[in-house]
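Undergrad: See entry.txt below, with compact mmCIF, C-alpha atoms and all ligand atoms.
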```txt
# COMPACT_ATOMS: atom_id res chain seq x y z
CA MET A 3 -39.86 147.22 -30.34
CA LEU A 4 -41.86 147.07 -27.15
CA MET A 5 -44.47 149.79 -27.45
CA ASP A 6 -47.78 150.25 -25.66
CA ARG A 7 -51.11 151.71 -26.75
CA PHE A 8 -49.92 155.20 -25.76
CA ALA A 9 -46.83 155.01 -28.02
CA ARG A 10 -44.50 154.71 -25.03
CA ARG A 11 -41.40 152.68 -25.89
CA PHE A 12 -39.74 150.46 -23.34
CA THR A 13 -35.99 150.31 -23.66
CA TYR A 14 -35.21 149.87 -19.98
CA LEU A 15 -35.69 146.74 -17.88
CA ARG A 16 -35.50 146.77 -14.10
CA LEU A 17 -34.78 143.28 -12.94
CA SER A 18 -35.09 142.35 -9.29
CA LEU A 19 -32.61 139.64 -8.27
CA THR A 20 -34.01 138.92 -4.82
CA GLU A 21 -36.68 140.14 -2.40
CA ASN A 22 -34.27 139.62 0.42
CA CYS A 23 -32.77 142.70 2.04
CA ASN A 24 -30.42 143.27 4.96
CA PHE A 25 -31.62 146.83 5.67
CA ARG A 26 -34.84 147.59 7.54
CA CYS A 27 -35.88 150.89 6.00
CA ASP A 28 -38.91 152.23 7.86
CA TYR A 29 -40.89 152.88 4.69
CA CYS A 30 -40.06 149.60 2.91
CA LEU A 31 -39.23 146.50 4.97
CA PRO A 32 -39.24 147.62 8.63
CA ASP A 33 -39.78 144.02 9.78
CA GLY A 34 -37.54 142.38 7.20
CA PRO A 35 -38.45 140.29 4.17
CA ASP A 36 -41.55 138.09 4.21
CA CYS A 37 -41.89 134.47 3.15
CA THR A 38 -42.20 135.07 -0.63
CA SER A 39 -38.55 136.02 -0.52
CA ARG A 40 -37.73 132.38 0.13
CA GLN A 41 -39.26 131.19 -3.16
CA ALA A 42 -36.88 130.24 -5.97
CA GLU A 43 -35.22 133.23 -7.54
CA LEU A 44 -34.53 133.32 -11.27
CA SER A 45 -31.40 131.34 -12.11
CA VAL A 46 -28.59 132.71 -14.26
CA PRO A 47 -29.75 130.80 -17.41
CA GLU A 48 -33.31 132.08 -16.85
CA ILE A 49 -31.98 135.63 -16.52
CA ARG A 50 -29.95 135.20 -19.73
CA ARG A 51 -33.04 134.09 -21.67
CA LEU A 52 -35.18 136.84 -20.20
CA VAL A 53 -32.70 139.60 -21.04
CA THR A 54 -32.10 138.12 -24.49
CA ALA A 55 -35.82 138.37 -25.26
CA PHE A 56 -36.04 141.94 -23.97
CA ALA A 57 -32.90 142.95 -25.89
CA ALA A 58 -34.34 141.51 -29.10
CA LEU A 59 -37.28 143.87 -28.56
CA GLY A 60 -35.16 146.98 -28.11
CA THR A 61 -34.15 146.96 -24.44
CA ARG A 62 -30.76 148.62 -24.11
CA LYS A 63 -30.43 149.18 -20.38
CA VAL A 64 -30.87 146.71 -17.53
CA ARG A 65 -30.91 147.72 -13.89
CA LEU A 66 -30.26 145.01 -11.32
CA THR A 67 -32.17 145.72 -8.16
CA GLY A 68 -34.01 144.02 -5.31
CA GLY A 69 -34.40 143.58 -2.32
CA GLU A 70 -30.67 143.97 -2.09
CA PRO A 71 -28.91 142.61 -5.19
CA CYS A 72 -25.57 142.23 -3.41
CA LEU A 73 -27.11 139.45 -1.32
CA ARG A 74 -27.16 137.21 -4.42
CA LYS A 75 -24.06 135.02 -4.15
CA ASP A 76 -23.90 134.74 -7.94
CA LEU A 77 -24.16 138.51 -8.54
CA LEU A 78 -20.90 138.67 -10.53
CA GLU A 79 -22.08 135.92 -12.84
CA VAL A 80 -25.42 137.70 -13.27
CA ILE A 81 -23.68 140.98 -14.18
CA GLN A 82 -21.38 139.24 -16.69
CA THR A 83 -24.30 137.35 -18.21
CA VAL A 84 -26.51 140.42 -18.66
CA LYS A 85 -23.62 142.49 -20.00
CA ALA A 86 -22.84 139.79 -22.60
CA VAL A 87 -26.35 139.77 -24.10
CA PRO A 88 -26.16 141.33 -27.59
CA GLY A 89 -27.91 144.69 -27.63
CA ILE A 90 -27.46 145.50 -23.94
CA GLU A 91 -25.50 148.74 -23.72
CA GLU A 92 -25.76 149.57 -20.05
CA VAL A 93 -25.86 147.48 -16.88
CA ALA A 94 -26.79 149.43 -13.78
CA ILE A 95 -27.16 148.33 -10.20
CA THR A 96 -29.23 149.82 -7.38
CA THR A 97 -27.87 149.01 -3.95
CA ASN A 98 -28.01 150.05 -0.34
CA GLY A 99 -24.21 150.23 -0.53
CA TYR A 100 -23.60 147.53 2.05
CA ARG A 101 -20.97 145.75 -0.08
CA LEU A 102 -19.76 148.71 -2.13
CA GLN A 103 -16.35 149.10 -0.52
CA ARG A 104 -15.59 145.40 -0.79
CA ASP A 105 -17.13 144.46 -4.13
CA LEU A 106 -17.26 147.51 -6.36
CA PRO A 107 -14.01 146.82 -8.29
CA ALA A 108 -15.26 143.31 -9.12
CA TRP A 109 -18.70 144.63 -10.18
CA ARG A 110 -16.98 147.16 -12.42
CA GLU A 111 -14.78 144.51 -13.98
CA ALA A 112 -17.81 142.28 -14.53
CA GLY A 113 -19.48 145.07 -16.52
CA VAL A 114 -21.37 147.52 -14.29
CA ASP A 115 -21.65 150.92 -16.01
CA ALA A 116 -23.89 152.74 -13.57
CA ILE A 117 -24.56 152.59 -9.88
CA ASN A 118 -27.35 154.01 -7.70
CA VAL A 119 -26.82 154.03 -3.96
CA SER A 120 -29.61 154.78 -1.50
CA VAL A 121 -28.67 157.38 1.11
CA ASP A 122 -31.70 158.88 2.83
CA SER A 123 -29.71 160.99 5.24
CA LEU A 124 -26.16 162.34 5.48
CA ASP A 125 -26.44 162.37 9.25
CA PRO A 126 -25.19 159.01 10.62
CA SER A 127 -27.72 158.76 13.45
CA THR A 128 -30.70 159.69 11.23
CA PHE A 129 -29.44 157.21 8.63
CA HIS A 130 -29.32 154.55 11.34
CA LEU A 131 -32.85 155.42 12.48
CA ILE A 132 -34.28 155.13 8.96
CA THR A 133 -32.42 152.04 7.76
CA GLY A 134 -31.62 150.09 10.94
CA GLN A 135 -27.97 150.04 9.81
CA ASN A 136 -25.20 152.09 11.33
CA ARG A 137 -22.98 152.15 8.24
CA LEU A 138 -23.20 155.57 6.68
CA PRO A 139 -19.46 156.41 6.63
CA ALA A 140 -18.57 153.14 4.88
CA ILE A 141 -21.33 153.67 2.31
CA LEU A 142 -20.20 157.23 1.58
CA ASP A 143 -16.63 155.95 1.16
CA GLY A 144 -17.96 153.38 -1.30
CA ILE A 145 -19.62 156.12 -3.34
CA ASP A 146 -16.35 158.08 -3.49
CA GLN A 147 -14.63 154.88 -4.58
CA ALA A 148 -17.18 154.54 -7.42
CA ILE A 149 -16.33 158.07 -8.59
CA ASP A 150 -12.59 157.36 -8.33
CA LEU A 151 -12.97 154.12 -10.27
CA GLY A 152 -14.49 156.12 -13.11
CA ILE A 153 -17.90 154.44 -13.11
CA PRO A 154 -19.63 156.50 -15.79
CA LYS A 155 -22.85 157.16 -13.87
CA VAL A 156 -22.98 157.42 -10.09
CA LYS A 157 -26.31 158.35 -8.53
CA VAL A 158 -27.46 158.72 -4.96
CA ASN A 159 -31.14 158.09 -4.20
CA SER A 160 -32.72 159.81 -1.26
CA VAL A 161 -36.34 159.32 -0.30
CA LEU A 162 -37.90 162.57 0.94
CA LEU A 163 -39.13 161.99 4.48
CA LYS A 164 -40.87 164.64 6.56
CA GLY A 165 -39.32 164.67 10.03
CA TYR A 166 -36.08 163.04 8.87
CA ASN A 167 -34.59 164.82 5.88
CA GLY A 168 -37.19 167.41 4.83
CA GLY A 169 -34.82 170.23 5.78
CA ALA A 170 -31.61 168.59 4.65
CA LEU A 171 -31.35 170.18 1.19
CA PRO A 172 -28.36 172.41 2.19
CA ASP A 173 -26.41 169.33 3.43
CA PHE A 174 -27.13 167.42 0.24
CA LEU A 175 -26.19 170.41 -1.92
CA GLU A 176 -22.89 170.69 -0.08
CA TYR A 177 -22.36 166.97 -0.69
CA ILE A 178 -22.66 167.36 -4.48
CA ARG A 179 -20.76 170.65 -4.72
CA ASN A 180 -17.48 168.89 -5.54
CA ARG A 181 -18.70 165.40 -6.38
CA ARG A 182 -19.58 164.09 -9.82
CA VAL A 183 -22.78 162.44 -8.65
CA SER A 184 -26.39 162.81 -9.56
CA LEU A 185 -28.49 163.08 -6.42
CA ARG A 186 -32.10 162.00 -6.78
CA PHE A 187 -34.78 163.02 -4.34
CA ILE A 188 -37.62 160.52 -4.57
CA GLU A 189 -41.05 161.29 -3.16
CA LEU A 190 -42.15 158.67 -0.68
CA MET A 191 -44.67 156.40 -2.41
CA ARG A 192 -47.62 154.83 -0.72
CA THR A 193 -47.54 151.03 -0.73
CA ASN A 194 -50.01 148.66 0.87
CA ASP A 195 -47.70 148.08 3.85
CA ASN A 196 -46.70 151.66 4.65
CA VAL A 197 -49.97 153.64 4.70
CA PRO A 198 -49.70 155.23 8.20
CA TYR A 199 -45.97 155.90 7.64
CA TYR A 200 -46.74 157.48 4.26
CA GLN A 201 -49.37 159.72 5.84
CA ARG A 202 -46.92 160.92 8.49
CA HIS A 203 -43.82 161.35 6.34
CA HIS A 204 -44.76 162.10 2.72
CA ILE A 205 -43.64 165.47 1.38
CA SER A 206 -43.92 166.73 -2.14
CA GLY A 207 -40.77 167.45 -4.13
CA GLN A 208 -42.33 170.69 -5.40
CA SER A 209 -40.96 172.79 -2.51
CA ILE A 210 -37.46 171.50 -3.32
CA LYS A 211 -37.95 172.32 -6.97
CA ASP A 212 -39.07 175.86 -6.08
CA GLN A 213 -36.05 176.31 -3.81
CA LEU A 214 -33.64 175.05 -6.47
CA LEU A 215 -35.02 177.37 -9.13
CA PHE A 216 -34.89 180.27 -6.64
CA GLU A 217 -31.20 179.49 -5.96
CA GLY A 218 -30.24 179.53 -9.63
CA TRP A 219 -30.47 175.83 -10.51
CA GLN A 220 -31.64 175.23 -14.06
CA GLN A 221 -33.72 172.39 -15.35
CA CYS A 222 -31.89 170.16 -17.86
CA SER A 223 -33.72 169.53 -21.10
CA LYS A 224 -34.28 165.84 -21.64
CA ALA A 225 -34.90 163.40 -24.41
CA LYS A 226 -38.42 161.98 -24.66
CA THR A 227 -36.94 158.57 -23.82
CA ALA A 228 -35.09 159.73 -20.69
CA GLY A 229 -37.67 158.60 -18.13
CA PRO A 230 -39.66 160.52 -15.55
CA ALA A 231 -36.94 162.18 -13.42
CA GLN A 232 -36.56 165.98 -13.65
CA GLU A 233 -32.87 166.98 -13.54
CA PHE A 234 -31.26 170.28 -12.54
CA TRP A 235 -27.74 171.73 -12.86
CA HIS A 236 -25.90 174.69 -11.43
CA PRO A 237 -22.57 176.13 -12.65
CA ASP A 238 -21.10 176.10 -9.11
CA TYR A 239 -21.76 172.40 -8.54
CA GLN A 240 -20.09 169.34 -10.05
CA GLY A 241 -23.06 167.17 -9.17
CA LYS A 242 -26.58 167.30 -10.57
CA LEU A 243 -29.84 167.11 -8.70
CA GLY A 244 -32.89 165.16 -9.77
CA LEU A 245 -36.47 164.93 -8.58
CA ILE A 246 -38.71 161.92 -8.94
CA MET A 247 -42.23 163.11 -8.26
CA PRO A 248 -44.66 160.28 -8.97
CA TYR A 249 -47.60 162.32 -7.67
CA SER A 250 -47.02 165.10 -10.18
CA ARG A 251 -49.21 165.46 -13.27
CA ASP A 252 -48.03 163.65 -16.41
CA PHE A 253 -45.43 161.62 -14.46
CA CYS A 254 -46.26 158.44 -16.38
CA ASP A 255 -46.17 160.05 -19.82
CA ASP A 256 -42.43 159.47 -20.04
CA CYS A 257 -42.46 155.94 -18.65
CA ASN A 258 -39.77 153.94 -20.43
CA ARG A 259 -39.37 150.93 -18.12
CA LEU A 260 -40.77 147.51 -17.41
CA ARG A 261 -40.08 145.44 -14.33
CA VAL A 262 -39.48 141.77 -13.70
CA SER A 263 -39.44 140.43 -10.16
CA SER A 264 -36.94 137.93 -8.80
CA LEU A 265 -39.62 135.27 -9.27
CA GLY A 266 -39.92 136.00 -12.98
CA GLN A 267 -43.12 138.04 -12.83
CA LEU A 268 -43.60 140.90 -15.27
CA PHE A 269 -44.92 144.12 -13.70
CA LEU A 270 -46.10 146.64 -16.27
CA CYS A 271 -46.19 149.31 -13.57
CA LEU A 272 -44.77 149.65 -10.06
CA PHE A 273 -48.33 149.90 -8.77
CA THR A 274 -50.20 147.41 -10.89
CA GLU A 275 -52.94 145.11 -9.63
CA HIS A 276 -51.79 142.16 -11.78
CA HIS A 277 -48.57 140.64 -13.00
CA GLN A 278 -47.76 138.13 -15.73
CA ASP A 279 -45.80 135.03 -14.93
CA LEU A 280 -42.86 134.62 -17.33
CA ARG A 281 -41.07 131.71 -15.76
CA HIS A 282 -42.41 128.99 -18.02
CA TYR A 283 -41.12 130.94 -21.05
CA LEU A 284 -37.64 130.88 -19.56
CA GLN A 285 -37.03 127.16 -19.73
CA SER A 286 -35.88 127.10 -23.36
CA ASP A 287 -33.22 129.02 -25.28
CA ASP A 288 -35.80 129.78 -27.95
CA THR A 289 -37.00 133.21 -26.82
CA THR A 290 -39.48 133.71 -29.69
CA PRO A 291 -42.57 132.75 -27.64
CA LEU A 292 -41.51 135.09 -24.84
CA GLN A 293 -40.96 137.96 -27.27
CA ALA A 294 -44.44 137.46 -28.72
CA ALA A 295 -45.95 137.31 -25.23
CA LEU A 296 -44.16 140.49 -24.11
CA GLN A 297 -45.41 142.40 -27.14
CA GLN A 298 -48.93 141.29 -26.28
CA PHE A 299 -48.67 141.95 -22.52
CA VAL A 300 -47.37 145.47 -22.95
CA LEU A 301 -50.56 146.48 -24.74
CA SER A 302 -52.44 146.21 -21.46
CA LYS A 303 -50.23 148.73 -19.67
CA LYS A 304 -52.39 151.51 -18.25
CA ALA A 305 -51.87 155.19 -19.01
CA THR A 306 -50.98 155.95 -15.41
CA HIS A 307 -50.62 154.47 -11.95
CA GLY A 308 -53.41 154.97 -9.41
CA LEU A 309 -51.41 156.60 -6.64
CA HIS A 310 -53.40 159.85 -6.97
CA ALA A 311 -56.50 157.87 -6.01
CA GLN A 312 -54.64 156.19 -3.10
CA GLU A 313 -54.40 152.97 -5.13
CA SER A 314 -51.10 151.12 -4.81
CA GLY A 315 -52.23 148.08 -6.79
CA ALA A 316 -50.97 144.83 -5.27
CA THR A 317 -47.67 146.36 -4.20
CA ARG A 318 -47.00 145.59 -0.53
CA HIS A 319 -43.58 147.25 -0.60
CA LEU A 320 -41.09 148.19 -3.31
CA ALA A 321 -38.58 145.45 -2.37
CA MET A 322 -41.13 143.08 -3.91
CA ILE A 323 -40.57 144.54 -7.38
CA GLY A 324 -37.36 146.48 -7.05
CA GLY A 325 -38.43 150.12 -6.85
N1 LIG A 401 -31.75 147.59 -1.82
C1 LIG A 401 -31.55 148.50 -2.89
C2 LIG A 401 -31.50 149.92 -2.38
O1 LIG A 401 -31.54 150.12 -1.16
O2 LIG A 401 -31.38 150.83 -3.18
C3 LIG A 401 -32.53 148.34 -4.05
C4 LIG A 401 -33.97 148.13 -3.76
S1 LIG A 401 -34.82 149.52 -3.08
C5 LIG A 401 -36.47 148.89 -3.07
C6 LIG A 401 -34.82 150.65 -4.45
C7 LIG A 401 -35.14 152.08 -4.11
O3 LIG A 401 -36.51 152.16 -3.76
C8 LIG A 401 -34.35 152.67 -2.95
O4 LIG A 401 -33.77 153.90 -3.35
C9 LIG A 401 -35.41 152.89 -1.88
O5 LIG A 401 -35.10 153.98 -1.06
C10 LIG A 401 -36.63 153.14 -2.74
N2 LIG A 401 -37.90 152.92 -2.06
C11 LIG A 401 -38.31 151.85 -1.37
N3 LIG A 401 -39.56 152.01 -0.91
C12 LIG A 401 -39.97 153.24 -1.32
C13 LIG A 401 -41.16 154.00 -1.19
N4 LIG A 401 -42.22 153.52 -0.54
N5 LIG A 401 -41.22 155.21 -1.77
C14 LIG A 401 -40.16 155.70 -2.46
N6 LIG A 401 -39.01 155.04 -2.64
C15 LIG A 401 -38.90 153.83 -2.07
```
Starting from the file, give its structure as structure tokens.

TA:
Amino acid sequence: MLMDRFARRFTYLRLSLTENCNFRCDYCLPDGPDCTSRQAELSVPEIRRLVTAFAALGTRKVRLTGGEPCLRKDLLEVIQTVKAVPGIEEVAITTNGYRLQRDLPAWREAGVDAINVSVDSLDPSTFHLITGQNRLPAILDGIDQAIDLGIPKVKVNSVLLKGYNGGALPDFLEYIRNRRVSLRFIELMRTNDNVPYYQRHHISGQSIKDQLLFEGWQQCSKAKTAGPAQEFWHPDYQGKLGLIMPYSRDFCDDCNRLRVSSLGQLFLCLFTEHHQDLRHYLQSDDTTPLQAALQQFVLSKKATHGLHAQESGATRHLAMIGG
């Protein structure tokens, strides 16, 4: 097992496939990807070895993220490869939804079990303002297609942004009334590149939580291994609502995930100062040295991130690591 000094077990790997992204979200990559995104991304055999080592140490779920994973031309091969690794039970993908309508059936056939789509606003012009892309209707159609295709888990991620969607809870609730989706509100996180934006637009998820409880939503109980999101349900709604509040107390206590960048760097935390380079371990099919190294590395994971002290580690933006 991969376990740290605080007895947290890591069964969930978030693997970034590329730093490249075709959206220009204000809070992430407003000016597009920088030059590191042009460095060599992990190849399919390197990904197979990486996931094999993690799976041997108890990883059961892999999320493919980015940047935008659908920009990888070999995405289908990556999905099939990860899905075929013994021990991997769930392959998830986080996407901006750009290719959903076109590619979702093929992703499903290749082995995708869960999909997260980022939708920061249900208003097309606000969506365009935030992301630089005028594609909301097509993305929403893609999400409905995911539900119709029977993808077991369909989630919608929405970053809470004062001035853009702070008052949009009623619209989002209406959206999930008759849809089997889990909507996640994520508090805007401070990264090294977005400090003034963060100061203008950050809002806490607490007011949403208070409103939900007031309106009869109930908090779902969760397994210790379920990760840091708080989930809520309501008998009148098919969808569920989740809150990811990284600034709340004890947020990191339930951390169950490790991250590897598209360049093969291990990040023990989204906001760490240092990373470990894994690429040289990925050149041989013998994953024993990598397993030993991972067990060692994980012992230096800190109890918590430093966001409360305005420390974002070396994280310029989340596309670098995959969010
Ligand atoms: N391109 C994909 C997408 O749009 O979902 C995957 C990568 S994106 C970095 C993953 C998630 O991180 C998205 O839901 C995005 O909204 C979120 N994200 C990016 N920067 C963030 C920030 N500073 N604070 C909170 N969430 C952020």

Undergrad: Using all atoms listed in the file, which protein or nucleic acid residues come within 7 Å of segment 65-81 of chain A? Drop anything in the same chain fewer than 2 positions from it, and give the result as a list in words.

TA: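 These residues fall inside the cut-off: Leu15, Arg16, Leu17, Ser18, Leu19, Thr20, Glu21, Asn22, Cys23, Val46, Lys63, Thr83, Val84, Lys85, Val93, Ala94, Ile95, Thr96, Thr97, Asn98, Arg101, Trp109, Ala112, Gly113, Val114, Ala321, Met322, Ile323 and Gly324 of chain A.
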
Undergrad: I need every residue sitting at most 6 Å from the point (-44.0, 156.5, 3.0) (coordinates as in the file, only C-alpha atoms considered), written as an MDAnalysis selection string.

TA: chainID A and resid 29 190:192 196 199:200 203:204

Undergrad: Choose the residue, out of A:Asp105, A:Asp212, A:Asp122, A:Glu233, that has the smallest atom-to-atom separation from ligand LIG 401 (chain A); count only C-alpha atoms and all ligand atoms.

TA: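 Of all the options, A:Asp122 lies closest to ligand LIG 401 (chain A).
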
Undergrad: Just to confirm, what's the straight-line distance from atom CA of Tyr166 of chain A to atom CA of Asp125 of chain A in Å (one decimal)?

TA: 9.7 Å

Undergrad: Give me the residues near Asp256 of chain A as a list in words, where near means some atom within 10 Å (using all atoms listed in the file) and where sequence neighbours in that chain fewer than 4 positions away do not count.

TA: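 Neighbouring residues, sequence-local ones excluded: Arg10, Arg11, Phe12, Ala225, Lys226, Thr227, Ala228, Gly229, Pro230, Ala231 and Asp252 of chain A.
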
Undergrad: Kindly indicate which residue among A:Ala86, A:Ala108, A:Leu31, A:Ala311 lies nearest to Arg51 of chain A, using all atoms listed in the file for the distances.

TA: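 That would be A:Ala86, the residue with the smallest distance to Arg51 of chain A.
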
Undergrad: What is the atom CA of Arg50 of chain A to atom CA of Leu284 of chain A distance in Å?

TA: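 Interatomic distance, atom CA of Arg50 of chain A to atom CA of Leu284 of chain A: 8.8 Å.
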
Undergrad: Record the distance separating atom CA of Gln213 of chain A and atom CA of Tyr249 of chain A, expressed in Å with one decimal.

TA: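 Rounded to one decimal, the two atoms are 18.5 Å apart.
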